[in-house]
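Only one structure is covered here, and it is reproduced in the block below.
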Amino acid sequence: MPRNQFDLPVVVERDAGQPLSVQLGRQLREAMNDGRVRAGERLPSSRALASALGVSRTVVTTAYEQLYAEGWLEGRHGSGTYVADIAAQSVPAEIAYQARDRPAKAGVIDLNPGIPWVGALDTPAWRRAWRLAAAIPPVARPDRR
């Protein structure tokens, strides 16, 4: 049975201290992670969900964009927004962040997003280049064209 726009397990509170889009994104992520919203399921349009929640469409599109960026949602041209298949198998954000805090094993490159690999960085050369670039005032830099 398809889920209608009012059946999503989300509620936003204007006085919660968090932006409405963050609240919505968190609640949708939790619902997808624990199976209340399943992989392959179609989500309501941004207009319909915004109307149902009594918020602006920008709130919903911002939350959807963040979930797209994280891989939780996928768009199907002309068909709508769907929960991505990988969302059902995803690792909760708390666990992913804990993994970032663990020391890397020797010879292993961590490919998690947002973690730079600095193993081959020539630190003295990088510092020299940084100082040289910082010493030139912005108005004196050559035209990039």
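Please note that chains go A, B, ... in the order of the structure tokens, that every chain numbers its residues from 1, and that ligands are numbered from 1 in the order shown.
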
Discussion item. Just want the 6 Å neighbourhood of stretch 38-46 of chain A, counted on only C-alpha atoms, with same-chain residues fewer than 3 positions away dropped. Output as a ChimeraX atom specification.
Written reply: /A:5,35,49-50,57,60,81-85,88

The selected residues should be written to file as a compact mmCIF listing (two decimals), in the first residue's frame (atoms: N, CA, C and O atoms).
```
# COMPACT_ATOMS: atom_id res chain seq x y z
N GLN A 5 0.97 11.38 1.84
CA GLN A 5 1.82 12.45 2.32
C GLN A 5 1.70 12.70 3.82
O GLN A 5 2.59 13.24 4.44
N GLY A 35 13.76 1.52 9.55
CA GLY A 35 12.82 0.74 8.74
C GLY A 35 11.39 1.25 8.70
O GLY A 35 10.54 0.64 8.06
N LEU A 49 4.68 17.81 1.18
CA LEU A 49 5.18 17.65 2.55
C LEU A 49 5.22 18.98 3.28
O LEU A 49 4.86 19.06 4.45
N ALA A 50 5.63 20.04 2.59
CA ALA A 50 5.64 21.37 3.20
C ALA A 50 4.23 21.77 3.63
O ALA A 50 4.03 22.30 4.73
N ARG A 57 8.32 25.52 1.56
CA ARG A 57 8.89 24.48 0.70
C ARG A 57 10.41 24.44 0.83
O ARG A 57 11.04 23.39 0.67
N VAL A 60 11.68 21.87 3.32
CA VAL A 60 11.65 20.49 2.83
C VAL A 60 12.75 20.26 1.79
O VAL A 60 13.46 19.25 1.84
N THR A 81 10.85 11.50 -5.63
CA THR A 81 11.97 11.27 -4.72
C THR A 81 11.74 9.95 -3.99
O THR A 81 10.67 9.72 -3.43
N TYR A 82 12.76 9.09 -4.01
CA TYR A 82 12.65 7.77 -3.42
C TYR A 82 13.76 7.54 -2.41
O TYR A 82 14.85 8.12 -2.52
N VAL A 83 13.50 6.66 -1.44
CA VAL A 83 14.52 6.24 -0.49
C VAL A 83 15.48 5.33 -1.24
O VAL A 83 15.06 4.38 -1.90
N ALA A 84 16.77 5.65 -1.16
CA ALA A 84 17.79 4.86 -1.86
C ALA A 84 17.90 3.48 -1.25
O ALA A 84 17.66 3.28 -0.05
N ASP A 85 18.27 2.51 -2.08
CA ASP A 85 18.41 1.13 -1.59
C ASP A 85 19.50 1.01 -0.54
O ASP A 85 19.40 0.19 0.36
N ALA A 88 18.84 1.49 3.61
CA ALA A 88 18.45 0.43 4.55
C ALA A 88 19.66 -0.27 5.14
O ALA A 88 19.58 -0.86 6.21
```

Worksheet item: What is the distance, in Å and to one decimal place, between atom CA of A:Val55 and atom CA of A:Arg26?
Response: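 Taking atom CA of A:Val55 as the start and atom CA of A:Arg26 as the end point, the length is 16.0 Å.
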
Fill in: Shell around A:Pro19 at 12 Å using only C-alpha atoms, local window under 6 positions removed, as a PyMOL selection string
chain A and resi 12-13+25-26+55+58-60+62-63

Worksheet item: With only C-alpha atoms as the basis for distance, which of A:Leu8, A:Ala135, A:Ala16, A:Ala106 is at the shortest distance from A:Ala48?
Response: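 Answer, going by the shortest atom-to-atom distance: A:Leu8.
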
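Atom CA of A:Pro9 is found 7.6 Å from atom CA of A:Gln27.
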